[in-house]
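Source file query-v9.txt; content: compact mmCIF, C-alpha atoms and all ligand atoms.
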# COMPACT_ATOMS: atom_id res chain seq x y z
CA MET A 1 83.37 -1.39 -114.20
CA ALA A 2 82.11 -3.18 -117.25
CA ALA A 3 81.39 -1.50 -120.56
CA GLY A 4 77.78 -0.50 -120.68
CA ASP A 5 77.65 0.30 -116.95
CA SER A 6 76.05 3.71 -116.97
CA ALA A 7 78.06 4.74 -113.88
CA ASP A 8 81.32 4.26 -115.81
CA PRO A 9 82.24 7.60 -117.43
CA ASP A 10 84.47 5.81 -119.95
CA ALA A 11 81.81 3.31 -121.02
CA VAL A 12 80.78 3.13 -124.64
CA SER A 13 77.28 1.98 -125.47
CA LEU A 14 75.78 0.82 -128.74
CA THR A 15 72.09 1.04 -129.55
CA SER A 16 70.63 -0.50 -132.67
CA CYS A 17 67.77 1.50 -134.18
CA PRO A 18 65.44 -0.88 -136.05
CA GLY A 19 65.74 -0.16 -139.76
CA GLY A 20 68.13 2.69 -139.02
CA PRO A 21 71.54 3.55 -137.65
CA LEU A 22 73.67 2.24 -134.85
CA LEU A 23 73.90 4.85 -132.12
CA VAL A 24 77.28 4.96 -130.40
CA ARG A 25 77.67 6.89 -127.16
CA GLY A 26 80.76 7.55 -125.10
CA ASP A 27 84.46 8.14 -125.55
CA PHE A 28 85.56 6.38 -128.75
CA GLU A 29 87.05 7.07 -132.16
CA VAL A 30 85.97 5.98 -135.62
CA GLN A 31 88.69 5.00 -138.09
CA ALA A 32 88.53 4.84 -141.87
CA ASP A 33 89.78 1.79 -143.78
CA ASP A 34 93.26 3.33 -143.90
CA GLY A 35 93.34 3.91 -140.15
CA THR A 36 92.71 7.63 -140.36
CA VAL A 37 90.60 8.86 -137.46
CA ILE A 38 87.36 10.33 -138.72
CA PRO A 39 86.60 13.46 -136.72
CA LYS A 40 83.33 13.46 -134.83
CA ASN A 41 81.81 16.51 -133.24
CA ARG A 42 79.45 14.81 -130.83
CA GLU A 43 79.64 12.38 -127.95
CA THR A 44 76.81 10.39 -129.54
CA VAL A 45 76.92 9.57 -133.24
CA ALA A 46 74.71 7.58 -135.60
CA LEU A 47 76.54 5.13 -137.87
CA CYS A 48 74.80 4.23 -141.13
CA ARG A 49 73.83 0.59 -141.49
CA CYS A 50 71.61 0.91 -144.56
CA THR A 51 74.50 1.91 -146.91
CA GLY A 52 72.37 4.72 -148.34
CA SER A 53 73.94 7.65 -146.50
CA LYS A 54 75.76 10.31 -148.51
CA ILE A 55 77.93 11.14 -145.50
CA LYS A 56 79.16 7.68 -144.49
CA PRO A 57 79.99 6.50 -141.96
CA TRP A 58 77.38 8.80 -140.47
CA CYS A 59 73.64 8.37 -140.89
CA ASP A 60 71.99 11.18 -142.86
CA GLY A 61 68.41 9.94 -142.52
CA THR A 62 68.29 8.28 -145.95
CA HIS A 63 67.23 5.01 -144.30
CA LYS A 64 63.80 6.60 -143.73
CA LEU A 65 63.32 6.89 -147.51
CA LEU A 66 64.30 3.30 -148.27
CA LYS A 67 61.21 1.87 -146.57
CA ARG A 68 62.79 -1.50 -146.02
CA PRO A 69 61.03 -3.83 -143.62
CA ALA A 70 62.80 -3.69 -140.25
CA ALA A 71 63.73 -7.39 -140.44
CA GLU A 72 65.42 -6.91 -143.84
CA ALA A 73 67.29 -3.85 -142.64
CA GLU A 74 68.75 -5.86 -139.74
CA GLU A 75 70.34 -8.44 -142.09
S1 LIG B 101 71.09 4.18 -141.41
FE1 LIG B 101 70.47 6.19 -141.68
S2 LIG B 101 71.15 6.72 -143.65
FE2 LIG B 101 71.78 4.70 -143.38
As structure tokens - that is how I would like this structure written.
Amino acid sequence: MAAGDSADPDAVSLTSCPGGPLLVRGDFEVQADDGTVIPKNRETVALCRCTGSKIKPWCDGTHKLLKRPAAEAEE
């Protein structure tokens, strides 16, 4: 089965939230620059794309306060 096939239990899916985080669902790991695995406590996580989060790589909702136009936030 291909990644993204909802019938595949091992599939990982990515969803871009306009002006906000990247939602990642499925069985995956997130590694820091040094290769250390960053523990996650959920099957679905939100990765910060605005660079404003205080708990990177996770989204903490700060993007809502930045009030950037959606098009700018996607760049
Ligand atoms: S995307 Fe939500 S805090 Fe950065």
- Query: atom CA of A:Arg25 and atom CA of A:Glu43 are how many Å apart?
  - Reply: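 These two atoms are separated by 5.9 Å.
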- Task: Could you check how far atom CA of A:Cys59 sits from atom CA of A:Pro21, in Å to one decimal?
- Result: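 If I compute the distance from atom CA of A:Cys59 to atom CA of A:Pro21, I get 6.2 Å.
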What are the closest atom pairs, with distances in Å to one decimal, for all residues of chain A lying within 8 Å of ligand LIG 101 (chain B)? Consider all atoms listed in the file, order rows by chain and residue number, and present the result as a Markdown table.
| residue | atom | partner | partner_atom | distance |
| --- | --- | --- | --- | --- |
| A:Gly19 | CA | B:LIG101 | S1 | 7.1 |
| A:Gly20 | CA | B:LIG101 | S1 | 4.1 |
| A:Pro21 | CA | B:LIG101 | S1 | 3.8 |
| A:Leu22 | CA | B:LIG101 | S1 | 7.3 |
| A:Ala46 | CA | B:LIG101 | FE1 | 7.5 |
| A:Leu47 | CA | B:LIG101 | S1 | 6.6 |
| A:Cys48 | CA | B:LIG101 | S1 | 3.7 |
| A:Arg49 | CA | B:LIG101 | S1 | 4.5 |
| A:Cys50 | CA | B:LIG101 | FE2 | 4.0 |
| A:Thr51 | CA | B:LIG101 | FE2 | 5.3 |
| A:Gly52 | CA | B:LIG101 | FE2 | 5.0 |
| A:Ser53 | CA | B:LIG101 | S2 | 4.1 |
| A:Lys54 | CA | B:LIG101 | S2 | 7.6 |
| A:Trp58 | CA | B:LIG101 | S2 | 7.3 |
| A:Cys59 | CA | B:LIG101 | FE1 | 3.9 |
| A:Asp60 | CA | B:LIG101 | S2 | 4.6 |
| A:Gly61 | CA | B:LIG101 | FE1 | 4.4 |
| A:Thr62 | CA | B:LIG101 | S2 | 4.0 |
| A:His63 | CA | B:LIG101 | S2 | 4.3 |
| A:Lys64 | CA | B:LIG101 | FE1 | 7.0 |
- Of the candidates A:Pro57, A:Leu66, A:Ser16, A:Asp10, which shows the shortest atom-to-atom distance to A:Asp33, using only C-alpha atoms? A:Pro57
- Item | Selected residue, from A:Asn41, A:Val30, A:Gly35, A:Ser13, that lies nearest to A:Lys56 when counting all atoms listed in the file | A:Val30
- Of the residues A:Leu23, A:Lys67, A:Ile55, A:Phe28, which is the one nearest to A:Ala11, using only C-alpha atoms? A:Phe28
- Query: Can you list, as number ranges by chain, every protein, DNA or RNA residue that comes within 9 Å of A:Glu29 when you count all atoms listed in the file, leaving out same-chain residues fewer than 5 positions away?
  - Reply: A: 37-40
Could you give me the axis-aligned bounding box of stretch 10-17 of chain A, with 6 Å of padding per side, as centre plus edge lengths in Å to one decimal, as AutoDock Vina command-line options?
--center_x 76.1 --center_y 2.7 --center_z -127.1 --size_x 28.7 --size_y 18.3 --size_z 26.2
With all heavy atoms as the goal, would you fill in the gaps in stretch 29-40 of chain A and present it as an mmCIF file, in the coordinates of the input?
data_model
loop_
_atom_site.group_PDB
_atom_site.id
_atom_site.type_symbol
_atom_site.label_atom_id
_atom_site.label_comp_id
_atom_site.auth_asym_id
_atom_site.auth_seq_id
_atom_site.Cartn_x
_atom_site.Cartn_y
_atom_site.Cartn_z
ATOM 1 N N GLU A 29 86.689 6.459 -130.885
ATOM 2 C CA GLU A 29 87.050 7.070 -132.160
ATOM 3 C C GLU A 29 86.612 6.142 -133.272
ATOM 4 O O GLU A 29 86.515 4.927 -133.088
ATOM 5 C CB GLU A 29 88.536 7.395 -132.248
ATOM 6 C CG GLU A 29 89.447 6.196 -132.220
ATOM 7 C CD GLU A 29 90.921 6.593 -132.289
ATOM 8 O OE1 GLU A 29 91.278 7.725 -131.906
ATOM 9 O OE2 GLU A 29 91.713 5.751 -132.726
ATOM 10 N N VAL A 30 86.353 6.738 -134.422
ATOM 11 C CA VAL A 30 85.970 5.980 -135.620
ATOM 12 C C VAL A 30 87.117 6.119 -136.605
ATOM 13 O O VAL A 30 87.581 7.234 -136.867
ATOM 14 C CB VAL A 30 84.670 6.531 -136.246
ATOM 15 C CG1 VAL A 30 84.321 5.787 -137.518
ATOM 16 C CG2 VAL A 30 83.531 6.427 -135.225
ATOM 17 N N GLN A 31 87.586 4.983 -137.136
ATOM 18 C CA GLN A 31 88.690 5.000 -138.090
ATOM 19 C C GLN A 31 88.224 4.567 -139.472
ATOM 20 O O GLN A 31 87.420 3.644 -139.605
ATOM 21 C CB GLN A 31 89.807 4.054 -137.632
ATOM 22 C CG GLN A 31 90.461 4.482 -136.334
ATOM 23 C CD GLN A 31 91.598 3.561 -135.933
ATOM 24 O OE1 GLN A 31 91.884 2.569 -136.584
ATOM 25 N NE2 GLN A 31 92.263 3.914 -134.849
ATOM 26 N N ALA A 32 88.775 5.214 -140.481
ATOM 27 C CA ALA A 32 88.530 4.840 -141.870
ATOM 28 C C ALA A 32 89.306 3.568 -142.182
ATOM 29 O O ALA A 32 90.112 3.103 -141.372
ATOM 30 C CB ALA A 32 88.958 5.976 -142.800
ATOM 31 N N ASP A 33 89.087 3.017 -143.365
ATOM 32 C CA ASP A 33 89.780 1.790 -143.780
ATOM 33 C C ASP A 33 91.296 1.922 -143.678
ATOM 34 O O ASP A 33 91.988 0.952 -143.375
ATOM 35 C CB ASP A 33 89.414 1.418 -145.216
ATOM 36 C CG ASP A 33 87.964 1.013 -145.341
ATOM 37 O OD1 ASP A 33 87.324 0.727 -144.306
ATOM 38 O OD2 ASP A 33 87.467 0.980 -146.481
ATOM 39 N N ASP A 34 91.806 3.124 -143.929
ATOM 40 C CA ASP A 34 93.260 3.330 -143.900
ATOM 41 C C ASP A 34 93.792 3.685 -142.517
ATOM 42 O O ASP A 34 94.962 3.987 -142.353
ATOM 43 C CB ASP A 34 93.653 4.417 -144.913
ATOM 44 C CG ASP A 34 93.090 5.782 -144.550
ATOM 45 O OD1 ASP A 34 92.396 5.917 -143.521
ATOM 46 O OD2 ASP A 34 93.351 6.735 -145.320
ATOM 47 N N GLY A 35 92.928 3.638 -141.510
ATOM 48 C CA GLY A 35 93.340 3.910 -140.150
ATOM 49 C C GLY A 35 93.230 5.356 -139.734
ATOM 50 O O GLY A 35 93.446 5.705 -138.575
ATOM 51 N N THR A 36 92.889 6.223 -140.678
ATOM 52 C CA THR A 36 92.710 7.630 -140.360
ATOM 53 C C THR A 36 91.520 7.799 -139.426
ATOM 54 O O THR A 36 90.458 7.218 -139.654
ATOM 55 C CB THR A 36 92.448 8.445 -141.644
ATOM 56 O OG1 THR A 36 93.511 8.222 -142.556
ATOM 57 C CG2 THR A 36 92.316 9.924 -141.347
ATOM 58 N N VAL A 37 91.705 8.594 -138.386
ATOM 59 C CA VAL A 37 90.600 8.860 -137.460
ATOM 60 C C VAL A 37 89.643 9.851 -138.113
ATOM 61 O O VAL A 37 90.054 10.907 -138.597
ATOM 62 C CB VAL A 37 91.126 9.415 -136.122
ATOM 63 C CG1 VAL A 37 89.960 9.812 -135.216
ATOM 64 C CG2 VAL A 37 92.012 8.383 -135.438
ATOM 65 N N ILE A 38 88.389 9.469 -138.158
ATOM 66 C CA ILE A 38 87.360 10.330 -138.720
ATOM 67 C C ILE A 38 86.844 11.237 -137.608
ATOM 68 O O ILE A 38 86.337 10.736 -136.601
ATOM 69 C CB ILE A 38 86.204 9.491 -139.320
ATOM 70 C CG1 ILE A 38 86.740 8.569 -140.412
ATOM 71 C CG2 ILE A 38 85.092 10.393 -139.841
ATOM 72 C CD1 ILE A 38 85.727 7.576 -140.937
ATOM 73 N N PRO A 39 87.023 12.549 -137.782
ATOM 74 C CA PRO A 39 86.600 13.460 -136.720
ATOM 75 C C PRO A 39 85.095 13.360 -136.454
ATOM 76 O O PRO A 39 84.300 13.233 -137.384
ATOM 77 C CB PRO A 39 86.943 14.852 -137.267
ATOM 78 C CG PRO A 39 87.890 14.614 -138.381
ATOM 79 C CD PRO A 39 87.590 13.257 -138.922
ATOM 80 N N LYS A 40 84.742 13.420 -135.196
ATOM 81 C CA LYS A 40 83.330 13.460 -134.830
ATOM 82 C C LYS A 40 83.157 14.663 -133.918
ATOM 83 O O LYS A 40 84.057 15.039 -133.182
ATOM 84 C CB LYS A 40 82.896 12.169 -134.144
ATOM 85 C CG LYS A 40 83.598 11.856 -132.832
ATOM 86 C CD LYS A 40 83.090 10.548 -132.257
ATOM 87 C CE LYS A 40 83.764 10.202 -130.952
ATOM 88 N NZ LYS A 40 83.340 10.966 -129.816
#
